[in-house]
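Enquirer: Please find one structure pasted underneath; my questions will follow.
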There are 2 protein chains.
Amino acid sequence: MTTGEFKITIHMVSSLDGMIARKDNNVSWFDTSHPYDKGVAGQDPEEFLKTIDCYVMGSRTYEHALELSKSYGWAYGDKPTIVLTGRDLPNDKPNIEFYAGTLHQLVNERLKPRYKNVWVVGGAKLTKDFLRLKLADEIRVSILPIILGEGLPFFDHIGQEQVLRLQDTMAYKNGMVELCYEIVK
Amino acid sequence: MTTGEFKITIHMVSSLDGMIARKDNNVSWFDTSHPYDKGVAGQDPEEFLKTIDCYVMGSRTYEHALELSKSYGWAYGDKPTIVLTGRDLPNDKPNIEFYAGTLHQLVNERLKPRYKNVWVVGGAKLTKDFLRLKLADEIRVSILPIILGEGLPFFDHIGQEQVLRLQDTMAYKNGMVELCYEIVK
């Protein structure tokens, strides 16, 4: 993928055991306590996040993000955010849109005409659907140096086998490792 | 940890979604098909495996390895291998020993007097016990470039939170990424 092409990235930040949230939703595990001297300094998150045009998430992930936002603020800023749902969910932000169509419709009618760099941020069901329909181009996993042991798993037996091609890895000074894979179609 | 000290390493080879075996036990996913040009050439496995003095595994992992050995041979060679079990399991190898004591007894009475570099190779229950009792020193995860989607998970909600310190990462030409963490006690 070169810059400028339309691209859908599945993204998660997880513990080593694949959890994306503690049972009590406390996010203190994002602050790591043991530096990795060989790591690169983190890229400017502001600059990096600017490259994302739109977030897509499932309805449970949205409800989880809403719950978290009460304590930590809304994590996705003012970016366009599309929630896949047929349900009537609370929404107090103009940049959040509910969508009840198919994923093919979403991609072809809503995403491709407007955006280049789309991030799917979970959950497991939506990830599975994107993989099954071969609609995602890459998967980017940021692994924090902790085992949570319980909580909300990202993949959770998604029942869909998918070959990947490693594109890049990066270890950061805070001990986070980022793995980026092309989804082989 | 410096060479020569007694060290217990928890090790797994898994898919990106944390599976260590396919449902049908087929291991063709170990042969990756998309090279990673930036990766280092693999270290000589023979040389590397020589540094391991002893394997420790749970009884289900042993049964799984036995099942696999019918098609692919016994994966742990002639190394001393201790299976934690109180059950009467089949065993046709002189280097495999069953042990029914506690993990503290195992470590202090059997492992420390004889070995330096011990590898715990699963499963989830044994890993949890080693973490809970603070008996393991490091965890080494080798992630292959595939999502299996179902199968046998390594961690499987082990219910034990554990802070880690990233020690090293390495990406190989076959697309496998190895992450090595100190288990912070």
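Each chain in the structure tokens gets a letter, A, B, ..., in the order shown, and its residues are numbered from 1; ligands are numbered from 1 in order too.
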Per residue of region 44-139 of chain B within 9 Å of region 5-19 of chain B, note the shortest atom pair and the distance in Å to one decimal, counting only C-alpha atoms, and order the rows by chain and increasing residue number, as JSON lines.

Expert:
```
{"residue": "B:Leu111", "atom": "CA", "partner": "B:Phe6", "partner_atom": "CA", "distance": 8.8}
{"residue": "B:Lys112", "atom": "CA", "partner": "B:Phe6", "partner_atom": "CA", "distance": 6.6}
{"residue": "B:Tyr115", "atom": "CA", "partner": "B:Phe6", "partner_atom": "CA", "distance": 7.0}
{"residue": "B:Lys116", "atom": "CA", "partner": "B:Phe6", "partner_atom": "CA", "distance": 4.3}
{"residue": "B:Asn117", "atom": "CA", "partner": "B:Lys7", "partner_atom": "CA", "distance": 5.3}
{"residue": "B:Val118", "atom": "CA", "partner": "B:Ile8", "partner_atom": "CA", "distance": 4.8}
{"residue": "B:Trp119", "atom": "CA", "partner": "B:Thr9", "partner_atom": "CA", "distance": 4.8}
{"residue": "B:Val120", "atom": "CA", "partner": "B:Ile10", "partner_atom": "CA", "distance": 4.6}
{"residue": "B:Val121", "atom": "CA", "partner": "B:His11", "partner_atom": "CA", "distance": 5.2}
{"residue": "B:Gly122", "atom": "CA", "partner": "B:Met12", "partner_atom": "CA", "distance": 7.3}
{"residue": "B:Thr127", "atom": "CA", "partner": "B:Ile10", "partner_atom": "CA", "distance": 7.1}
{"residue": "B:Phe130", "atom": "CA", "partner": "B:Ile10", "partner_atom": "CA", "distance": 8.6}
{"residue": "B:Leu135", "atom": "CA", "partner": "B:Ile8", "partner_atom": "CA", "distance": 7.4}
{"residue": "B:Ala136", "atom": "CA", "partner": "B:Ile8", "partner_atom": "CA", "distance": 4.9}
{"residue": "B:Asp137", "atom": "CA", "partner": "B:Ile8", "partner_atom": "CA", "distance": 5.3}
{"residue": "B:Glu138", "atom": "CA", "partner": "B:Thr9", "partner_atom": "CA", "distance": 4.8}
{"residue": "B:Ile139", "atom": "CA", "partner": "B:Ile10", "partner_atom": "CA", "distance": 4.5}
```

Enquirer: Just want the 12 Å neighbourhood of Tyr72 (chain A), counted on only C-alpha atoms, with same-chain residues fewer than 4 positions away dropped. Output as a list in words.

Expert: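 After dropping sequence-adjacent residues, the list is Asn25, Asn26, Val27, Ser28, His64, Ala65, Leu66, Glu67, Leu68, Tyr76 and Gly77 of chain A.
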
Enquirer: Would you give me, as a compact mmCIF listing (two decimals) with N, CA and C atoms, in the first residue's frame, the residues of chain A that come within 10 Å of chain B, using only C-alpha atoms?

Expert:
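Output saved as result22.txt:
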```txt
# COMPACT_ATOMS: atom_id res chain seq x y z
N SER A 15 -2.88 -6.21 25.75
CA SER A 15 -1.88 -6.83 26.61
C SER A 15 -1.25 -8.01 25.86
N LEU A 16 -0.19 -8.58 26.43
CA LEU A 16 0.46 -9.72 25.77
C LEU A 16 -0.51 -10.88 25.58
N ASP A 17 -1.47 -11.01 26.48
CA ASP A 17 -2.45 -12.08 26.35
C ASP A 17 -3.70 -11.66 25.58
N GLY A 18 -3.58 -10.58 24.79
CA GLY A 18 -4.63 -10.24 23.85
C GLY A 18 -5.86 -9.56 24.42
N MET A 19 -5.75 -9.03 25.64
CA MET A 19 -6.89 -8.33 26.24
C MET A 19 -6.84 -6.85 25.87
N ARG A 22 -9.40 -4.15 30.88
CA ARG A 22 -9.54 -4.82 32.16
C ARG A 22 -11.01 -5.03 32.45
N TRP A 29 -3.08 0.43 33.06
CA TRP A 29 -2.07 -0.46 32.46
C TRP A 29 -1.49 0.13 31.18
N THR A 32 3.06 2.30 31.24
CA THR A 32 4.01 1.24 31.56
C THR A 32 5.07 1.79 32.52
N SER A 33 5.62 0.89 33.32
CA SER A 33 6.52 1.35 34.38
C SER A 33 7.97 0.94 34.17
N HIS A 34 8.23 0.13 33.14
CA HIS A 34 9.60 -0.36 32.93
C HIS A 34 10.08 -0.01 31.53
N PRO A 35 10.94 1.00 31.43
CA PRO A 35 11.38 1.45 30.10
C PRO A 35 12.19 0.40 29.37
N TYR A 36 12.17 0.51 28.03
CA TYR A 36 12.94 -0.38 27.17
C TYR A 36 13.99 0.49 26.48
N ASP A 37 15.23 0.39 26.97
CA ASP A 37 16.26 1.33 26.54
C ASP A 37 16.55 1.25 25.04
N LYS A 38 16.39 0.04 24.48
CA LYS A 38 16.69 -0.11 23.05
C LYS A 38 15.56 0.41 22.16
N GLY A 39 14.44 0.80 22.76
CA GLY A 39 13.29 1.22 21.97
C GLY A 39 13.49 2.59 21.33
N LYS A 128 -13.82 -9.99 12.68
CA LYS A 128 -14.10 -11.24 11.98
C LYS A 128 -14.80 -10.98 10.65
N LEU A 131 -12.43 -9.52 8.09
CA LEU A 131 -11.51 -10.54 7.59
C LEU A 131 -12.23 -11.49 6.64
N VAL A 141 -1.07 -4.18 15.54
CA VAL A 141 -1.28 -4.56 16.93
C VAL A 141 -0.20 -3.91 17.79
N ILE A 143 1.31 -4.02 21.41
CA ILE A 143 1.30 -4.90 22.58
C ILE A 143 1.99 -4.22 23.75
N LEU A 144 1.26 -4.03 24.83
CA LEU A 144 1.84 -3.42 26.03
C LEU A 144 2.43 -4.50 26.93
N PRO A 145 3.48 -4.14 27.69
CA PRO A 145 4.21 -5.16 28.47
C PRO A 145 3.49 -5.55 29.76
N ILE A 146 2.39 -6.23 29.59
CA ILE A 146 1.64 -6.71 30.75
C ILE A 146 0.78 -7.90 30.32
N ILE A 147 0.56 -8.81 31.25
CA ILE A 147 -0.45 -9.86 31.10
C ILE A 147 -1.63 -9.44 31.96
N LEU A 148 -2.80 -9.26 31.36
CA LEU A 148 -3.96 -8.86 32.18
C LEU A 148 -4.64 -10.08 32.80
N GLY A 149 -4.67 -11.18 32.07
CA GLY A 149 -5.18 -12.41 32.66
C GLY A 149 -6.68 -12.58 32.58
N GLU A 150 -7.40 -11.46 32.53
CA GLU A 150 -8.83 -11.52 32.29
C GLU A 150 -9.26 -10.17 31.73
N GLY A 151 -10.46 -10.10 31.23
CA GLY A 151 -10.94 -8.86 30.64
C GLY A 151 -11.59 -9.12 29.31
N LEU A 152 -11.48 -8.14 28.42
CA LEU A 152 -12.14 -8.21 27.12
C LEU A 152 -11.12 -8.58 26.05
N PRO A 153 -11.21 -9.78 25.49
CA PRO A 153 -10.24 -10.18 24.45
C PRO A 153 -10.59 -9.55 23.10
N PHE A 154 -9.56 -9.23 22.32
CA PHE A 154 -9.81 -8.62 21.01
C PHE A 154 -10.28 -9.66 20.00
N PHE A 155 -9.56 -10.76 19.89
CA PHE A 155 -9.87 -11.73 18.84
C PHE A 155 -10.95 -12.71 19.27
N ASP A 156 -10.79 -13.29 20.45
CA ASP A 156 -11.83 -14.10 21.06
C ASP A 156 -12.39 -15.18 20.13
N HIS A 157 -11.51 -16.07 19.65
CA HIS A 157 -11.97 -17.20 18.83
C HIS A 157 -12.82 -16.73 17.65
N ILE A 158 -12.26 -15.88 16.80
CA ILE A 158 -13.10 -15.29 15.76
C ILE A 158 -13.44 -16.28 14.65
N GLY A 159 -12.85 -17.47 14.70
CA GLY A 159 -13.31 -18.52 13.79
C GLY A 159 -12.98 -18.28 12.33
N GLN A 160 -11.98 -17.47 12.08
CA GLN A 160 -11.65 -17.11 10.71
C GLN A 160 -10.14 -17.15 10.57
N GLU A 161 -9.62 -18.10 9.81
CA GLU A 161 -8.18 -18.16 9.63
C GLU A 161 -7.74 -17.16 8.56
N GLN A 162 -6.62 -16.50 8.80
CA GLN A 162 -6.16 -15.46 7.87
C GLN A 162 -4.64 -15.42 7.87
N VAL A 163 -4.06 -15.66 6.70
CA VAL A 163 -2.61 -15.55 6.55
C VAL A 163 -2.21 -14.07 6.52
N LEU A 164 -1.09 -13.76 7.17
CA LEU A 164 -0.60 -12.38 7.24
C LEU A 164 0.80 -12.30 6.65
N ARG A 165 1.20 -11.08 6.29
CA ARG A 165 2.58 -10.85 5.87
C ARG A 165 3.13 -9.73 6.75
N LEU A 166 4.17 -10.04 7.52
CA LEU A 166 4.76 -9.03 8.41
C LEU A 166 5.29 -7.88 7.57
N GLN A 167 4.88 -6.67 7.90
CA GLN A 167 5.34 -5.48 7.16
C GLN A 167 6.36 -4.69 7.95
N ASP A 168 6.15 -4.63 9.27
CA ASP A 168 7.02 -3.78 10.07
C ASP A 168 6.84 -4.12 11.55
N THR A 169 7.92 -3.91 12.31
CA THR A 169 7.81 -4.02 13.76
C THR A 169 8.57 -2.83 14.35
N MET A 170 8.11 -2.40 15.51
CA MET A 170 8.76 -1.27 16.16
C MET A 170 8.60 -1.45 17.68
N ALA A 171 9.72 -1.30 18.39
CA ALA A 171 9.65 -1.35 19.85
C ALA A 171 9.91 0.06 20.37
N TYR A 172 9.09 0.48 21.31
CA TYR A 172 9.17 1.84 21.84
C TYR A 172 9.81 1.86 23.22
N LYS A 173 10.24 3.05 23.60
CA LYS A 173 10.94 3.20 24.88
C LYS A 173 10.07 2.83 26.08
N ASN A 174 8.74 2.91 25.90
CA ASN A 174 7.85 2.56 27.02
C ASN A 174 7.59 1.05 27.10
N GLY A 175 8.26 0.29 26.21
CA GLY A 175 8.08 -1.17 26.26
C GLY A 175 6.95 -1.68 25.39
N MET A 176 6.30 -0.77 24.68
CA MET A 176 5.24 -1.19 23.76
C MET A 176 5.88 -1.68 22.46
N VAL A 177 5.35 -2.77 21.92
CA VAL A 177 5.83 -3.29 20.63
C VAL A 177 4.68 -3.19 19.63
N LEU A 179 3.31 -4.28 15.92
CA LEU A 179 3.47 -5.23 14.82
C LEU A 179 2.48 -4.85 13.73
N CYS A 180 2.98 -4.70 12.52
CA CYS A 180 2.09 -4.32 11.43
C CYS A 180 2.14 -5.38 10.32
N TYR A 181 0.97 -5.91 9.97
CA TYR A 181 0.86 -6.99 8.99
C TYR A 181 -0.05 -6.59 7.84
N GLU A 182 0.35 -7.03 6.63
CA GLU A 182 -0.59 -6.99 5.51
C GLU A 182 -1.51 -8.20 5.60
N ILE A 183 -2.78 -8.00 5.34
CA ILE A 183 -3.73 -9.10 5.31
C ILE A 183 -3.71 -9.68 3.90
N VAL A 184 -3.20 -10.89 3.76
CA VAL A 184 -2.99 -11.50 2.45
C VAL A 184 -4.35 -11.95 1.89
```

Enquirer: Among chain B, which ones does DSSP assign to helix (DSSP H, G or I) (computed from the backbone)? Answer as number ranges by chain.

Expert: B: 28-30, 45-50, 59-72, 103-111, 124-132

Enquirer: How many Å lie between CA of Cys54 (chain B) and CA of Asp24 (chain B), rounded to one decimal?

Expert: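 According to the coordinates, CA of Cys54 (chain B) and CA of Asp24 (chain B) are separated by 27.9 Å.
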
Enquirer: Neighbours of Gly86 (chain A) within 12 Å (only C-alpha atoms; same-chain residues fewer than 6 positions away dropped), as a list in words?

Expert: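 Near neighbours after the sequence-gap exclusion: Gly58, Ser59, Arg60, Glu97, Phe98, Tyr99, Ala100, Gly101 and Thr102 of chain A.
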
Enquirer: From the set B:Arg87, B:Arg110, B:Glu178, B:Ala124, which residue has the shortest atom-to-atom contact distance to Gly42 (chain B), counting only C-alpha atoms?

Expert: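 Nearest candidate to Gly42 (chain B) out of B:Arg87, B:Arg110, B:Glu178, B:Ala124: B:Glu178.
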
Enquirer: So which bits of region 3-177 of chain A end up strand (DSSP E) when you DSSP the backbone, as a short mmCIF file (atom, residue, chain, number, x, y, z; two decimals) with N, CA and C atoms, in the first residue's frame?

Expert:
```
data_model
loop_
_atom_site.label_atom_id
_atom_site.label_comp_id
_atom_site.auth_asym_id
_atom_site.auth_seq_id
_atom_site.Cartn_x
_atom_site.Cartn_y
_atom_site.Cartn_z
N LYS A 7 -7.20 2.55 2.22
CA LYS A 7 -6.69 1.45 3.04
C LYS A 7 -7.51 1.31 4.33
N ILE A 8 -7.85 0.07 4.64
CA ILE A 8 -8.55 -0.20 5.90
C ILE A 8 -7.62 -0.97 6.83
N THR A 9 -7.37 -0.39 7.99
CA THR A 9 -6.48 -0.99 8.98
C THR A 9 -7.28 -1.44 10.19
N ILE A 10 -7.10 -2.69 10.57
CA ILE A 10 -7.66 -3.16 11.84
C ILE A 10 -6.63 -2.87 12.92
N HIS A 11 -7.02 -2.19 13.96
CA HIS A 11 -6.05 -1.79 14.97
C HIS A 11 -6.50 -2.20 16.37
N MET A 12 -5.54 -2.66 17.16
CA MET A 12 -5.84 -2.85 18.58
C MET A 12 -4.62 -2.55 19.42
N VAL A 13 -4.87 -2.08 20.63
CA VAL A 13 -3.85 -1.98 21.66
C VAL A 13 -4.21 -3.04 22.67
N SER A 14 -3.29 -3.97 22.92
CA SER A 14 -3.66 -5.07 23.81
C SER A 14 -2.53 -5.43 24.76
N SER A 15 -2.88 -6.21 25.75
CA SER A 15 -1.88 -6.83 26.61
C SER A 15 -1.25 -8.01 25.86
N MET A 19 -5.75 -9.03 25.64
CA MET A 19 -6.89 -8.33 26.24
C MET A 19 -6.84 -6.85 25.87
N ILE A 20 -8.01 -6.28 25.56
CA ILE A 20 -8.04 -4.86 25.22
C ILE A 20 -8.65 -4.02 26.34
N ALA A 21 -9.17 -4.68 27.37
CA ALA A 21 -9.70 -3.93 28.51
C ALA A 21 -9.67 -4.80 29.75
N CYS A 54 -10.83 8.26 9.47
CA CYS A 54 -12.14 7.82 9.95
C CYS A 54 -11.97 6.56 10.81
N TYR A 55 -12.73 6.46 11.89
CA TYR A 55 -12.76 5.25 12.71
C TYR A 55 -14.06 4.49 12.44
N VAL A 56 -13.95 3.16 12.47
CA VAL A 56 -15.14 2.31 12.37
C VAL A 56 -15.12 1.35 13.55
N MET A 57 -16.26 1.19 14.20
CA MET A 57 -16.30 0.26 15.35
C MET A 57 -17.65 -0.42 15.43
N GLY A 58 -17.67 -1.54 16.14
CA GLY A 58 -18.92 -2.24 16.41
C GLY A 58 -19.67 -1.57 17.54
N THR A 81 -16.48 9.09 13.03
CA THR A 81 -16.51 7.75 13.63
C THR A 81 -17.83 7.09 13.25
N ILE A 82 -17.74 5.93 12.63
CA ILE A 82 -18.95 5.23 12.20
C ILE A 82 -19.14 3.99 13.05
N VAL A 83 -20.32 3.90 13.66
CA VAL A 83 -20.65 2.76 14.52
C VAL A 83 -21.60 1.85 13.77
N LEU A 84 -21.18 0.59 13.60
CA LEU A 84 -22.04 -0.37 12.91
C LEU A 84 -23.11 -0.87 13.87
N ILE A 96 -20.11 11.45 15.21
CA ILE A 96 -20.41 10.01 15.33
C ILE A 96 -21.69 9.69 14.58
N GLU A 97 -21.59 8.66 13.75
CA GLU A 97 -22.70 8.31 12.87
C GLU A 97 -23.00 6.82 13.05
N PHE A 98 -24.27 6.46 13.09
CA PHE A 98 -24.65 5.05 13.17
C PHE A 98 -24.94 4.55 11.76
N TYR A 99 -24.54 3.33 11.50
CA TYR A 99 -24.72 2.77 10.16
C TYR A 99 -25.26 1.36 10.29
N ASN A 117 -7.63 6.67 4.77
CA ASN A 117 -7.01 5.89 5.84
C ASN A 117 -8.03 5.61 6.95
N VAL A 118 -8.65 4.44 6.86
CA VAL A 118 -9.75 4.08 7.77
C VAL A 118 -9.25 3.07 8.80
N TRP A 119 -9.57 3.32 10.07
CA TRP A 119 -9.16 2.39 11.12
C TRP A 119 -10.37 1.71 11.75
N VAL A 120 -10.34 0.38 11.72
CA VAL A 120 -11.36 -0.42 12.40
C VAL A 120 -10.81 -0.76 13.78
N GLU A 138 -4.76 -4.15 6.28
CA GLU A 138 -3.68 -4.44 7.22
C GLU A 138 -4.20 -4.53 8.64
N ILE A 139 -3.38 -5.14 9.49
CA ILE A 139 -3.70 -5.22 10.90
C ILE A 139 -2.49 -4.76 11.69
N ARG A 140 -2.76 -3.88 12.63
CA ARG A 140 -1.70 -3.24 13.41
C ARG A 140 -1.98 -3.49 14.88
N VAL A 141 -1.07 -4.18 15.54
CA VAL A 141 -1.28 -4.56 16.93
C VAL A 141 -0.20 -3.91 17.79
N SER A 142 -0.63 -3.21 18.81
CA SER A 142 0.30 -2.58 19.75
C SER A 142 0.22 -3.34 21.07
N ILE A 143 1.31 -4.02 21.41
CA ILE A 143 1.30 -4.90 22.58
C ILE A 143 1.99 -4.22 23.75
N LEU A 144 1.26 -4.03 24.83
CA LEU A 144 1.84 -3.42 26.03
C LEU A 144 2.43 -4.50 26.93
N ILE A 146 2.39 -6.23 29.59
CA ILE A 146 1.64 -6.71 30.75
C ILE A 146 0.78 -7.90 30.32
N ILE A 147 0.56 -8.81 31.25
CA ILE A 147 -0.45 -9.86 31.10
C ILE A 147 -1.63 -9.44 31.96
N LEU A 152 -11.48 -8.14 28.42
CA LEU A 152 -12.14 -8.21 27.12
C LEU A 152 -11.12 -8.58 26.05
N PRO A 153 -11.21 -9.78 25.49
CA PRO A 153 -10.24 -10.18 24.45
C PRO A 153 -10.59 -9.55 23.10
N GLN A 162 -6.62 -16.50 8.80
CA GLN A 162 -6.16 -15.46 7.87
C GLN A 162 -4.64 -15.42 7.87
N VAL A 163 -4.06 -15.66 6.70
CA VAL A 163 -2.61 -15.55 6.55
C VAL A 163 -2.21 -14.07 6.52
N LEU A 164 -1.09 -13.76 7.17
CA LEU A 164 -0.60 -12.38 7.24
C LEU A 164 0.80 -12.30 6.65
N ARG A 165 1.20 -11.08 6.29
CA ARG A 165 2.58 -10.85 5.87
C ARG A 165 3.13 -9.73 6.75
N LEU A 166 4.17 -10.04 7.52
CA LEU A 166 4.76 -9.03 8.41
C LEU A 166 5.29 -7.88 7.57
N GLN A 167 4.88 -6.67 7.90
CA GLN A 167 5.34 -5.48 7.16
C GLN A 167 6.36 -4.69 7.95
N ASP A 168 6.15 -4.63 9.27
CA ASP A 168 7.02 -3.78 10.07
C ASP A 168 6.84 -4.12 11.55
N THR A 169 7.92 -3.91 12.31
CA THR A 169 7.81 -4.02 13.76
C THR A 169 8.57 -2.83 14.35
N MET A 170 8.11 -2.40 15.51
CA MET A 170 8.76 -1.27 16.16
C MET A 170 8.60 -1.45 17.68
N ALA A 171 9.72 -1.30 18.39
CA ALA A 171 9.65 -1.35 19.85
C ALA A 171 9.91 0.06 20.37
N VAL A 177 5.35 -2.77 21.92
CA VAL A 177 5.83 -3.29 20.63
C VAL A 177 4.68 -3.19 19.63
#
```
